[in-house]
Structures are given as structure tokens and as C-alpha cells.
Amino acid sequence: MQAKPFYVTTPIYYVNGKPHIGHAYSTVAADVLTRYARVRGRNARFLTGTDEHGQKIERVAAEQGLPPAEYCDRMIPAFRQCWEALHCEYDDFIRTTSPRHMQFAEEMWRRCEAAGDIYLGEYEGWYSVADETFYTEKELVDGKAPTGRPVERVKEPSYFFRLSKYTDKLLAFYESHPDFVRPEGRFNEVKSFVREGLRDLSLSRTTFRWGIPVPGAPDHVMYVWFDALSNYISALGGDRAPLYAEFWEPNARAVHLVGKDILRFHAVYWPAFLMSAGLPPPSQVWSHGWMTVNGAKMSKTEGNFLPPEPIADAVGADALRYYLMRDIAFGQDGDFSHQNLLARYHGDLGNGLGNLLNRIVSSIVPKSLEGRIPRIDASALGDREKELVQTAERAAKRAGQLLDDIAPHRALEAIWELVAAANKYVDQTEPWQLAKKGDTRRLEEVCYAVLESLRWLSVMLWPFLPEKADAMRTQLGLPALMPTVGLDAWPSAWGGLVGGTSVRPGAPLFPRFDEDQQRAIYERLGAPLPDALKKTSAGTPAAKSKSEKKMEAKPEAPKKEAAALPEGVISIDDLVKVDMRLGLVKSGERVPKSDKLLELKVDIGEPEPRTILAGIGKHYEPEQLVGRRIAVVVNLAPRAMMGRMSHGMVLAVSDDAGLSVLSPDKEITPGVKVK
Ligand code: MSP
């Protein structure tokens with residue numbers, strides 16, 4: 001059965017500042033979900049836009065000496081350019097100052113009024129302009145809004161919305177729509193809030209002018225949230241327009257992506273307004289978490305709002321998209337860390353995906369197979385190939401389900417199982433040896449299996465990495481992906497690559513940054529330089545840049561007196577001195593004349609594998625360790641053993657029964673810290 005059309009929206013962003021990484025997070029997620037729906041052949045629509053009315057915008061415009069309308073006009077290009085730089089291709093960009101929006105917001109007002117849900121009264125209480133939210137005395141914390149922002153005392157005539165009338169209706173609606181809010185934990189919070197009973201909501205203001213005039217009462221402007229929430233339907237042309245019939249409930253799956261701070265507006269007020277106006281609520285409100293940056297909260301006072309474009313400039317938009325979608329679990333709070341971004345870039349993207357393509361398309365196929373996709377008999381697969389096909393099928397099925405459930409981070413995990421399996425397959429089948437031996441038949445089978453895995457990956461990764469996935473496809477001799485409504489292109493059948501087609505080797509997808517380039521990136525992005533990059537080649541600490549000093553999260557907390565700790569107990573500061581990382585053993589050999597010592601080359605996310613000597617030769621053959629992930633200490637001073645140098649230590653446990661190196665039970669990215 002063809003799935004329903006899919007309508008996904010981001011919040012409309014306040015234009016009191018330029019877009020930052022928190023905004024980019026929702027917009028990238030919406031773009032990924034739209035592209036995914038399109039690959040599945042679904043009819044999809046992606047809306048974003050800007051929230052331009054209200055006291056907050058009026059004040060910033062005044063600070064800049066501009067009329068608010070002009071101020072807003074000047075801010076819009078920053079949003080459009082940012083989304084373009086991140087490869088976010090929205091179908092519509094709604095501005096709340098546009099006539100099409102204002103007309104529908106007025107229409108919503110009239111309908112709620114006609115339903116008897118709007119009445120005139122007087123509001124007396126607290127208001128936070130920064131939050132554009134009314135607060136009761138009880139909600140204040142130390143005289144401030146619960147968000148920590150300042151509040152002002154307001155006393156003015158105001159229209160009210162009879163929200164109290166909707167308490168039971170909303171609870172009944174939640175009951176009959178158990179998927180309405182996700183994640184579930186936040187849905188429970190919403191329900192408890194409503195169960196406590198709702199108070200009528202002040203719906204208009206009279207003490208400033210920058211808003212949509214209330215129909216029939218032009219001395220009032222609409223409360224900015226009533227105005228803003230209407231955008232999701234005003235952008236469809238109102239509820240009588242064909243786009244509404246196509247993309248709103250009950251004909252479509254309409255999903256709002258919102259940050260957790262604005263969930264109440266979307267999960268309580270918005271459905272109540274819609275019920276009052278006689279319209280169905282959206283299908284789902286998906287609330288994601290909040291992001292800190294290198295451990296610090298982004299805030300106006302800190303002046304540390306992180307702009308996304310310079311990051312996309314430095315590492316590529318697709319790498320940034322990948323990082324945001326992979327490193328931060330959708331729905332939970334997370335941290336944006338430049339260091340993790342580069343670790344993911346070098347690890348998952350460079351070593352994992354880029355190398356897989358490079359090893360086969362730029363190396364073996366041109367050198368040993370005349371640059372063509374081999375022709376093989378796909379019906380006669382060997383055991384290893386069958387296993388790879390099964391992994392690909394499992395990855396595609398799980399990634400599809402997880403994207404349907406809006407869990408992009410988990411979908412990427414599922415897809416990376418195929419990346420890891422295909423790399424392992426190459427390591428095990430050793431195509432270079434097959435080429436050396438002249439075993440062309442087997443070489444063709446092996447290369448085909450890897451190339452076909454890459455084709456599957458190019459489709460599954462397209463929603464996340466549209467540019468790189470198409471670059472992969474070009475290298476595989478395939479056309480760019482062109483999703484078509486009604487045509488499900490998600491991979492499901494092995495053997496799509498046509499034998500005889502020429503591959504087109506191209507530049508590496510994710511070229512490695514050497515240490516100097518990495519330093520330049522941190523410097524350019526004003527991010528704190530990781531310790532590993534602080535040493536110059538002579539081993540002296542590099543001077544800190546000005547911007548680095550500024551960005552460093554917080555001054556270190558005063559260290560606890562060592563004397564205060566009981567003997568034998570170490571502080572966290574002592575523990576973090578030991579840099580333990582996950583390594584991937586790339587190769588190994590016995591050290592001659594020693595029955596104990598193995599020399600291992602271990603990938604710890606650095607440009608070159610580390611040489612580490614380990615006294616485990618009585619328990620392991622080097623080959624048993626190749627391809628294994630193991631824990632290693634990487635900041636031990638180098639040590640000479642049997643005339644060779646060791647640059648780290650392998651962690652292992654032993655007892656009478658034997659010795660075992662420490663390995664994780666999942667394919668975690670090499671180079672990450674053991675903690
Ligand atoms: N204009 C309202 C939304 C109206 S929707 C009808 C608004 N705008 S906002 O610009 O302040 O925030 C937009 C979105 O950015 C919100 O979903 C908010 O949660 C998100 N984020 C702002 N800072 C964020 C982080 N630090 N991390 C993740 N998302 C963050 O609210």
C-alpha cells in the first residue's frame with residue numbers, strides 16, 4: 001500500500017538573530033526525513049520559515065534603528081543561505097509577515113471567535129519577551145522565568161482563549177492518538193500538565209504594535225504564538241486549498257519537528273486552537289532535545305551561538321549533516337563537539353565509507369578489472385557473499401523502519417553495519433591477493449559484492465549525504481538519485497549493478513585533514529584545540545589562539561587538594577590523564593626472537609596507524625587480532641622493546657585460564673575515548 005503523503009515542518013525561527021546550530025538541527029532533520037520519504041516514492045512536502053512578529057523582534061529592530069518590517073527583510077537571506085549551504089531543500093518558506101499568512105491567521109481568529117472561544121478581559125501577570133510567554137507568579141523561579149530569562153509585569157486589556165474548555169477534549173484526543181507526541185516521556189509530561197487543568201490563555205496584546213491586528217479590534221495585536229502556529233496551515237494556502245487536502249490530516253501524515261522548549265505550544269495550544277476552528281490537529285509532534293556546544297550552553301550573554309555555515313565550509317555540508325544526525329540521539333539532549341565532529345569525519349566517513357569506495361573503485365577495479373563492473377552470476381553466491389547480502393538486507397529494512405519512526409541516529413547505526421560488514425568482507429577476501437594470484441573469477445565476485453554494497457549505501461545515505469551519495473553513484477557509473485513519486489527506490493534486491501559498466505574513479509569523498517589542517521579548522525571555527533593537537537612537532541605546547549581562549553567553555557574548577565583524598569584513591573583529574581582509546585588493529589606480526597612480543601599497527605583515528613608492541617604473543621597469533629577493536633592507552637611515553645619502539649599499550653586481562661584483550665561488543669568508531 002502506498003504510504004500517505006508526508007508533510008514535515010520545522011519551527012519557524014525568530015529573526016532576532018542569525019541561524020545557529022540548534023536551528024540547523026531541526027532543519028537538517030526535516031530535510032533528511034523529506035528526502036527519505038521521497039526515496040520511498042512518497043509524496044512529501046517540507047516547510048520552514050520565519051517568525052517575525054512580536055515584542056522581541058520589535059525591540060531588536062528598534063535597537064538597530066530600523067522599522068521592524070525592514071529589519072525582518074534584512075534578516076531573511078541569512079536563513080535562506082544557511083539552509084542552502086546545508087543542502088536543505090525546502091518546498092516552501094513561510095514568513096509570518098506575508099499577506100498569505102496574515103490572512104489565514106485572521107481567519108483562524110474569526111473561527112475561534114465564532115465558536116465562542118474568544119472573550120475580552122484584562123491580563124495581569126508576568127510576561128517574558130525573550131520567551132514570548134506568559135507566566136504565573138507560581139511558575140517564576142527567583143523572580144525569573146523558568147528558562148532563566150527576565151520577566152516583566154504586564155497589565156493590559158486582552159482577549160482570552162477559552163483553553164480551560166479544552167482540558168477534557170485534549171485528554172480524550174491524546175487517549176485516541178497515542179502517537180501524537182514523541183518521545184513518549186515528553187508526551188507523559190504534556191498529559192500531566194493538561195490533567196492539572198488548563199487556564200484560559202491571553203491571546204492579544206495592546207502595549208505594542210508589531211503584530212497582526214485582531215480582526216474587528218485593531219488596537220489589539222494577536223499573541224505571537226497564535227499568529228505563529230497558524231503558519232503550518234497558512235503555508236498550505238489555508239484549509240480550503242488543494243495543498244491542505246493533500247498534506248494535512250486525515251489524508252496525510254503531518255509531522256511538526258520542534259525543540260523541547262516549545263512542545264507545550266505545539267502539543268496543547270495548537271490542537272486546542274485547531275479543535276476550536278473545527279480543524280483536525282496534526283498527526284504528530286516530535287520533540288528533539290537541546291544541544292550544548294563543547295559542553296557549554298549557547299546563550300546571548302555568552303555570545304556563543306554557533307553559526308552552521310563556517311562548519312559546513314570547513315568539513316563539508318554533508319559531514320556536518322551526518323554528524324548532527326548521528327552523534328545526537330533524536331529526542332535527547334546532546335553536545336556539539338568539534339572534536340567529535342572531526343572524529344566522525346575521519347572515522348565513520350573517511351575510514352569507513354570513503355575508504356571502502358576508494359579501495360575498490362579507485363584501485364582494484366581500474367588496475368585489475370579494466371575499470372568495469374564485473375559480470376557475475378548473481379544466483380550463485382558463496383557463503384561470504386550471502387552473509388553480506390543478508391547484512392545489507394537487514395540494514396535496509398531496519399534503517400527504513402527507523403526512519404519511518406523518526407530515529408535518524410539509529411537508522412545511521414543500522415546503515416553503518418553494512419559499511420562495517422563490507423569493509424570486513426574486503427579484509428577477509430583480500431582482493432589484492434586475488435589479483436596478484438590472477439584468480440580473476442573470484443576477484444570479480446568479490447569486487448561485485450563490494451560495488452553492489454556501495455550502490456545500496458548510496459541510496460540509503462542519500463537522505464543524509466545528498467552530495468556525497470551522488471558523488472559515490474557517479475564513481476559507480478550510476479546516475480544521480482532522482483526520487484519519483486510512486487517509485488520506491490529503497491534498496492531491496494541484490495544485483496542492481498549492471499556488469500560491463502565503467503566505473504569513474506574520482507576524488508576521495510572525505511579526504512583526511514592532516515594535523516596542520518585540523519589546527520587551522522579549530523582556529524577558523526574558534527573552537528578549543530584538543531590536547532593532542534596542542535603539541536608542536538618539537539613537543540612544546542602550541543600557543544593558544546585568542547579565539548580559542550574565548551571559546552574555552554569555562555575556567556577550570558579549582559582542583560581539590562590531593563591531600564583530601566584517602567590514600568590509594570585518585571581524583572577524576574588523575575584518571576583523565578590516562579588517554580585510553582579504542583583502536584582497530586590493521587595489521588600485526590611477531591617480533592623476531594621473542595615468543596611474547598607482537599608488533600601491532602593500530603588505527604586510533606590518527607592519520608597513520610600507531611605502532612604498539614604487546615606482550616601477548618603466547619595467547620594470540622597476530623592474524624587473530626587483525627580487524628579486532630581493542631582498548632589501548634595512547635599517551636604513554638614511547639618505549640623501546642627488542643630494538644623496536646612502542647607508542648602505546650594494549651589493555652588486557654588474564655587469569656590462570658588465559659589472557660584476553662579488552663574489546664567492545666559493538667563496532668564502535670576507532671579513536672573514541674574509553675571512559
Ligand atoms: N519562533 C518560535 C517557534 C514558532 S513555531 C510555530 C521559536 N523560535 S526560535 O528561533 O527561538 O527557536 C526555534 C527552534 O530552535 C526551537 O525548536 C528551539 O527548540 C530550537 N533551538 C534553539 N536553541 C537550541 C539548541 N541549543 N539546541 C537545539 N535546538 C535549539 O521558538
# chains A, B, ... in the order shown; residues from 1 in each chain; ligands from 1

call {"tool": "closest_atom_pairs", "arguments": {"of": "chain A", "to": "ligand 1", "cutoff": "6 Å", "atoms": "only C-alpha atoms and all ligand atoms", "output": "Markdown table"}}
result
| residue | atom | partner | partner_atom_place_in_ligand_line | distance |
| --- | --- | --- | --- | --- |
| A:Pro11 | CA | ligand 1 | 5 (S) | 3.8 |
| A:Ile12 | CA | ligand 1 | 5 (S) | 4.6 |
| A:Tyr13 | CA | ligand 1 | 10 (O) | 3.7 |
| A:Tyr14 | CA | ligand 1 | 10 (O) | 4.1 |
| A:Gly22 | CA | ligand 1 | 28 (C) | 3.7 |
| A:His23 | CA | ligand 1 | 15 (O) | 4.5 |
| A:Asp51 | CA | ligand 1 | 1 (N) | 4.9 |
| A:Ala228 | CA | ligand 1 | 6 (C) | 4.6 |
| A:Leu229 | CA | ligand 1 | 6 (C) | 4.1 |
| A:Val258 | CA | ligand 1 | 17 (O) | 4.2 |
| A:Gly259 | CA | ligand 1 | 19 (O) | 3.1 |
| A:Lys260 | CA | ligand 1 | 19 (O) | 5.6 |
| A:Asp261 | CA | ligand 1 | 19 (O) | 5.3 |
| A:Gly289 | CA | ligand 1 | 28 (C) | 5.9 |
| A:Trp290 | CA | ligand 1 | 27 (N) | 3.6 |
| A:Met291 | CA | ligand 1 | 27 (N) | 3.8 |
| A:Thr292 | CA | ligand 1 | 26 (N) | 5.8 |
| A:Met298 | CA | ligand 1 | 26 (N) | 5.9 |

call {"tool": "select_by_dssp", "arguments": {"residues": "stretch 155-241 of chain A", "states": "helix (DSSP H, G or I)", "output": "number ranges by chain"}}
result
A: 163-176, 184-195, 224-229, 231-234

call {"tool": "write_last_selection", "arguments": {"atoms": "N, CA and C atoms", "output": "compact mmCIF listing (two decimals), in the first residue's frame"}}
result
# COMPACT_ATOMS: atom_id res chain seq x y z
N LEU A 163 -9.12 28.19 26.85
CA LEU A 163 -8.35 26.95 26.85
C LEU A 163 -8.91 25.97 27.88
N SER A 164 -9.45 26.53 28.97
CA SER A 164 -9.97 25.67 30.05
C SER A 164 -11.03 24.71 29.52
N LYS A 165 -11.76 25.16 28.50
CA LYS A 165 -12.83 24.34 27.92
C LYS A 165 -12.27 23.09 27.23
N TYR A 166 -10.98 23.14 26.89
CA TYR A 166 -10.38 22.05 26.08
C TYR A 166 -9.63 21.00 26.89
N THR A 167 -9.62 21.15 28.22
CA THR A 167 -8.86 20.19 29.03
C THR A 167 -9.29 18.76 28.70
N ASP A 168 -10.57 18.48 28.83
CA ASP A 168 -11.04 17.10 28.63
C ASP A 168 -10.94 16.68 27.17
N LYS A 169 -11.23 17.64 26.29
CA LYS A 169 -11.16 17.30 24.85
C LYS A 169 -9.73 16.91 24.47
N LEU A 170 -8.78 17.65 25.00
CA LEU A 170 -7.38 17.32 24.67
C LEU A 170 -7.01 15.96 25.25
N LEU A 171 -7.42 15.72 26.50
CA LEU A 171 -7.07 14.43 27.11
C LEU A 171 -7.68 13.27 26.31
N ALA A 172 -8.91 13.48 25.84
CA ALA A 172 -9.56 12.42 25.04
C ALA A 172 -8.81 12.25 23.71
N PHE A 173 -8.39 13.37 23.16
CA PHE A 173 -7.64 13.30 21.90
C PHE A 173 -6.32 12.54 22.10
N TYR A 174 -5.61 12.86 23.18
CA TYR A 174 -4.33 12.16 23.44
C TYR A 174 -4.58 10.66 23.58
N GLU A 175 -5.67 10.35 24.27
CA GLU A 175 -6.02 8.94 24.50
C GLU A 175 -6.22 8.21 23.18
N SER A 176 -6.91 8.87 22.25
CA SER A 176 -7.20 8.19 20.99
C SER A 176 -6.07 8.35 19.96
N GLU A 184 7.96 9.42 23.98
CA GLU A 184 6.85 9.11 24.85
C GLU A 184 6.95 9.83 26.21
N GLY A 185 8.17 9.91 26.73
CA GLY A 185 8.36 10.54 28.04
C GLY A 185 7.83 11.97 28.03
N ARG A 186 8.08 12.66 26.95
CA ARG A 186 7.61 14.05 26.87
C ARG A 186 6.10 14.10 26.70
N PHE A 187 5.54 13.07 26.05
CA PHE A 187 4.08 13.01 25.91
C PHE A 187 3.47 12.91 27.32
N ASN A 188 4.09 12.10 28.17
CA ASN A 188 3.58 11.96 29.54
C ASN A 188 3.61 13.29 30.27
N GLU A 189 4.68 14.06 30.05
CA GLU A 189 4.74 15.38 30.71
C GLU A 189 3.61 16.28 30.22
N VAL A 190 3.35 16.23 28.92
CA VAL A 190 2.28 17.05 28.35
C VAL A 190 0.95 16.64 28.99
N LYS A 191 0.71 15.33 29.07
CA LYS A 191 -0.57 14.87 29.63
C LYS A 191 -0.72 15.31 31.08
N SER A 192 0.37 15.20 31.87
CA SER A 192 0.23 15.60 33.28
C SER A 192 -0.07 17.09 33.37
N PHE A 193 0.56 17.87 32.50
CA PHE A 193 0.31 19.30 32.52
C PHE A 193 -1.17 19.58 32.25
N VAL A 194 -1.73 18.90 31.25
CA VAL A 194 -3.13 19.15 30.89
C VAL A 194 -4.06 18.62 31.99
N ARG A 195 -3.70 17.46 32.55
CA ARG A 195 -4.53 16.88 33.61
C ARG A 195 -4.70 17.81 34.80
N VAL A 224 1.77 36.47 19.73
CA VAL A 224 2.64 35.99 18.64
C VAL A 224 2.55 34.48 18.42
N TRP A 225 2.25 33.71 19.47
CA TRP A 225 2.17 32.25 19.26
C TRP A 225 0.90 31.85 18.50
N PHE A 226 -0.20 32.59 18.70
CA PHE A 226 -1.42 32.27 17.93
C PHE A 226 -1.14 32.52 16.45
N ASP A 227 -0.48 33.63 16.20
CA ASP A 227 -0.07 34.02 14.84
C ASP A 227 0.87 32.94 14.27
N ALA A 228 1.92 32.61 15.05
CA ALA A 228 2.99 31.74 14.52
C ALA A 228 2.50 30.32 14.22
N LEU A 229 1.71 29.76 15.15
CA LEU A 229 1.30 28.36 14.95
C LEU A 229 0.46 28.19 13.68
N ASN A 231 1.04 29.15 10.94
CA ASN A 231 1.87 29.07 9.73
C ASN A 231 1.79 27.71 9.04
N TYR A 232 1.58 26.66 9.87
CA TYR A 232 1.64 25.32 9.29
C TYR A 232 0.50 25.09 8.29
N ILE A 233 -0.58 25.85 8.47
CA ILE A 233 -1.69 25.72 7.51
C ILE A 233 -1.74 26.91 6.56
N SER A 234 -1.33 28.08 7.04
CA SER A 234 -1.33 29.22 6.10
C SER A 234 -0.42 28.90 4.91

call {"tool": "closest_atom_pairs", "arguments": {"of": "stretch 330-370 of chain A", "to": "stretch 666-674 of chain A", "cutoff": "12 Å", "atoms": "only C-alpha atoms", "output": "CSV"}}
result
residue,atom,partner,partner_atom,distance
A:Gln339,CA,A:Val672,CA,10.1
A:Asn340,CA,A:Val672,CA,8.4
A:Leu341,CA,A:Val672,CA,11.4
A:Leu342,CA,A:Gly671,CA,10.7
A:Ala343,CA,A:Gly671,CA,7.1
A:Arg344,CA,A:Thr669,CA,7.7
A:Tyr345,CA,A:Thr669,CA,10.6
A:His346,CA,A:Gly671,CA,9.3
A:Gly347,CA,A:Thr669,CA,6.1
A:Asp348,CA,A:Thr669,CA,6.6
A:Leu349,CA,A:Thr669,CA,10.2
A:Gly350,CA,A:Thr669,CA,11.3
A:Asn351,CA,A:Pro670,CA,9.3
A:Gly352,CA,A:Thr669,CA,8.9

call {"tool": "residues_around", "arguments": {"residues": "A:Ala637", "least_positions_apart": "3", "cutoff": "10 Å", "atoms": "only C-alpha atoms", "output": "CSV table (one decimal) with all heavy atoms, in the first residue's frame"}}
result
chain,number,residue,atom,x,y,z
A,634,VAL,N,47.1,5.5,24.9
A,634,VAL,CA,47.8,6.1,23.8
A,634,VAL,C,48.8,7.3,24.2
A,634,VAL,O,49.5,7.8,23.4
A,634,VAL,CB,46.9,6.6,22.7
A,634,VAL,CG1,46.1,5.4,22.1
A,634,VAL,CG2,45.9,7.7,23.1
A,646,SER,N,57.6,1.2,20.9
A,646,SER,CA,56.1,1.0,21.1
A,646,SER,C,55.5,2.4,21.5
A,646,SER,O,56.1,3.1,22.3
A,646,SER,CB,55.9,0.1,22.3
A,646,SER,OG,54.5,0.0,22.4
A,647,HIS,N,54.4,2.7,20.8
A,647,HIS,CA,53.8,4.0,21.1
A,647,HIS,C,52.4,3.9,21.7
A,647,HIS,O,51.4,4.5,21.3
A,647,HIS,CB,53.7,4.8,19.8
A,647,HIS,CG,55.0,5.1,19.1
A,647,HIS,ND1,55.7,6.2,19.4
A,647,HIS,CD2,55.7,4.3,18.3
A,647,HIS,CE1,56.8,6.2,18.7
A,647,HIS,NE2,56.9,5.0,18.0
A,648,GLY,N,52.3,3.0,22.7
A,648,GLY,CA,51.1,2.8,23.4
A,648,GLY,C,51.1,1.5,24.1
A,648,GLY,O,52.1,0.7,24.0

call {"tool": "residues_around", "arguments": {"residues": "stretch 134-143 of chain A", "least_positions_apart": "6", "cutoff": "12 Å", "atoms": "only C-alpha atoms", "output": "list in words"}}
result
Tyr123, Glu124, Gly125, Trp126, Tyr127, Ser128, Arg149, Pro150, Val151, Glu152, Arg153, Val154, Lys155, Arg199, Asp200, Leu201, Ser202, Leu203, Ser204, Arg205, Tyr223, Val224, Trp225 and Phe265 of chain A

call {"tool": "closest_residue", "arguments": {"among": "A:Ala85, A:Phe6, A:Met222, A:Thr206", "to": "A:Ala105", "atoms": "only C-alpha atoms"}}
result
A:Met222

call {"tool": "closest_residue", "arguments": {"among": "A:Lys18, A:Lys4, A:Arg253, A:Lys534", "to": "A:Pro307", "atoms": "only C-alpha atoms"}}
result
A:Lys18

call {"tool": "closest_atom_pairs", "arguments": {"of": "stretch 117-235 of chain A", "to": "stretch 52-62 of chain A", "cutoff": "7 Å", "atoms": "only C-alpha atoms", "output": "Markdown table"}}
result
| residue | atom | partner | partner_atom | distance |
| --- | --- | --- | --- | --- |
| A:Val129 | CA | A:Lys56 | CA | 5.6 |
| A:Ala130 | CA | A:Lys56 | CA | 6.2 |
| A:Phe208 | CA | A:Gln55 | CA | 6.9 |
| A:Trp210 | CA | A:Gly54 | CA | 5.6 |
| A:Gly211 | CA | A:His53 | CA | 5.0 |
| A:Val224 | CA | A:Gly54 | CA | 5.4 |

call {"tool": "closest_residue", "arguments": {"among": "A:Asp404, A:Ala235, A:Lys297, A:Ala507", "to": "A:Thr96", "atoms": "only C-alpha atoms"}}
result
A:Ala235

call {"tool": "atom_distance", "arguments": {"atom1": "atom CA of A:Lys586", "atom2": "atom CA of A:Glu599"}}
result
11.0 Å

call {"tool": "closest_residue", "arguments": {"among": "A:Val361, A:Val221, A:Val633, A:Ala312", "to": "A:Pro374", "atoms": "only C-alpha atoms"}}
result
A:Val361

call {"tool": "closest_residue", "arguments": {"among": "A:Ala241, A:Leu418, A:Leu279, A:Ala652", "to": "A:Val389", "atoms": "only C-alpha atoms"}}
result
A:Leu418

call {"tool": "select_by_dssp", "arguments": {"residues": "stretch 245-302 of chain A", "states": "strand (DSSP E)", "output": "ChimeraX atom specification"}}
result
/A:253-259,284-288,291-293

call {"tool": "atom_distance", "arguments": {"atom1": "atom CA of A:Gly331", "atom2": "atom CA of A:His409"}}
result
10.1 Å

call {"tool": "residues_around", "arguments": {"residues": "A:Gly495", "least_positions_apart": "2", "cutoff": "12 Å", "atoms": "only C-alpha atoms", "output": "VMD selection string"}}
result
chain A and resid 373 to 381 385 389 392 445 448 to 456 491 to 493 497 to 499

call {"tool": "write_last_selection", "arguments": {"atoms": "N, CA and C atoms", "output": "short mmCIF file (atom, residue, chain, number, x, y, z; two decimals), in the first residue's frame"}}
result
data_model
loop_
_atom_site.label_atom_id
_atom_site.label_comp_id
_atom_site.auth_asym_id
_atom_site.auth_seq_id
_atom_site.Cartn_x
_atom_site.Cartn_y
_atom_site.Cartn_z
N ILE A 373 32.55 -2.72 -14.06
CA ILE A 373 31.81 -3.54 -13.09
C ILE A 373 31.83 -4.97 -13.66
N PRO A 374 32.28 -5.94 -12.85
CA PRO A 374 32.34 -7.31 -13.39
C PRO A 374 30.96 -7.88 -13.67
N ARG A 375 30.93 -8.82 -14.64
CA ARG A 375 29.67 -9.56 -14.88
C ARG A 375 29.76 -10.83 -14.06
N ILE A 376 28.79 -11.03 -13.18
CA ILE A 376 28.85 -12.26 -12.39
C ILE A 376 27.49 -12.93 -12.40
N ASP A 377 27.49 -14.16 -11.95
CA ASP A 377 26.24 -14.90 -11.85
C ASP A 377 25.70 -14.67 -10.44
N ALA A 378 24.76 -13.74 -10.33
CA ALA A 378 24.27 -13.35 -9.01
C ALA A 378 23.51 -14.47 -8.32
N SER A 379 23.11 -15.50 -9.07
CA SER A 379 22.33 -16.58 -8.45
C SER A 379 23.25 -17.59 -7.76
N ALA A 380 24.56 -17.49 -7.99
CA ALA A 380 25.47 -18.47 -7.39
C ALA A 380 26.42 -17.80 -6.41
N LEU A 381 25.85 -17.25 -5.34
CA LEU A 381 26.69 -16.55 -4.37
C LEU A 381 27.32 -17.52 -3.39
N GLU A 385 29.45 -14.07 0.54
CA GLU A 385 28.63 -13.10 -0.20
C GLU A 385 27.20 -13.13 0.33
N VAL A 389 25.00 -10.07 1.74
CA VAL A 389 23.68 -9.70 1.23
C VAL A 389 22.68 -9.64 2.40
N ALA A 392 23.15 -6.52 4.26
CA ALA A 392 22.62 -5.38 3.51
C ALA A 392 21.09 -5.35 3.65
N GLU A 445 33.90 -11.74 -8.39
CA GLU A 445 32.81 -11.94 -7.42
C GLU A 445 32.95 -10.98 -6.25
N TYR A 448 32.35 -7.33 -7.24
CA TYR A 448 30.94 -7.06 -7.49
C TYR A 448 30.19 -6.90 -6.16
N ALA A 449 30.50 -7.80 -5.23
CA ALA A 449 29.79 -7.75 -3.94
C ALA A 449 30.02 -6.41 -3.25
N VAL A 450 31.26 -5.92 -3.34
CA VAL A 450 31.54 -4.65 -2.66
C VAL A 450 30.87 -3.49 -3.42
N LEU A 451 30.97 -3.53 -4.73
CA LEU A 451 30.37 -2.44 -5.53
C LEU A 451 28.86 -2.39 -5.32
N GLU A 452 28.24 -3.56 -5.26
CA GLU A 452 26.78 -3.59 -5.06
C GLU A 452 26.43 -3.08 -3.64
N SER A 453 27.26 -3.43 -2.67
CA SER A 453 27.03 -2.89 -1.31
C SER A 453 27.11 -1.37 -1.37
N LEU A 454 28.07 -0.86 -2.12
CA LEU A 454 28.21 0.60 -2.23
C LEU A 454 26.99 1.21 -2.91
N ARG A 455 26.44 0.49 -3.88
CA ARG A 455 25.22 1.01 -4.53
C ARG A 455 24.09 1.11 -3.50
N TRP A 456 23.92 0.07 -2.70
CA TRP A 456 22.88 0.11 -1.67
C TRP A 456 23.13 1.28 -0.72
N PRO A 491 16.71 0.27 -1.39
CA PRO A 491 17.25 -0.98 -1.92
C PRO A 491 16.60 -2.22 -1.30
N SER A 492 16.28 -3.18 -2.15
CA SER A 492 15.69 -4.42 -1.62
C SER A 492 16.14 -5.63 -2.44
N ALA A 493 16.62 -5.42 -3.66
CA ALA A 493 17.00 -6.58 -4.47
C ALA A 493 18.48 -6.50 -4.82
N LEU A 497 23.52 -3.57 -9.99
CA LEU A 497 24.60 -3.01 -10.82
C LEU A 497 24.76 -3.84 -12.08
N VAL A 498 24.90 -3.15 -13.19
CA VAL A 498 24.96 -3.86 -14.46
C VAL A 498 26.42 -4.11 -14.85
N GLY A 499 26.77 -5.37 -15.02
CA GLY A 499 28.12 -5.74 -15.40
C GLY A 499 28.53 -5.08 -16.71
#

call {"tool": "residues_around", "arguments": {"residues": "A:Leu274", "least_positions_apart": "3", "cutoff": "10 Å", "atoms": "only C-alpha atoms", "output": "list in words"}}
result
Met108, Arg111, Cys112, Leu229, Ser230, Tyr269, Trp270, Pro271, Ala277, Gly278, Leu279, Pro280, Pro281 and Pro282 of chain A
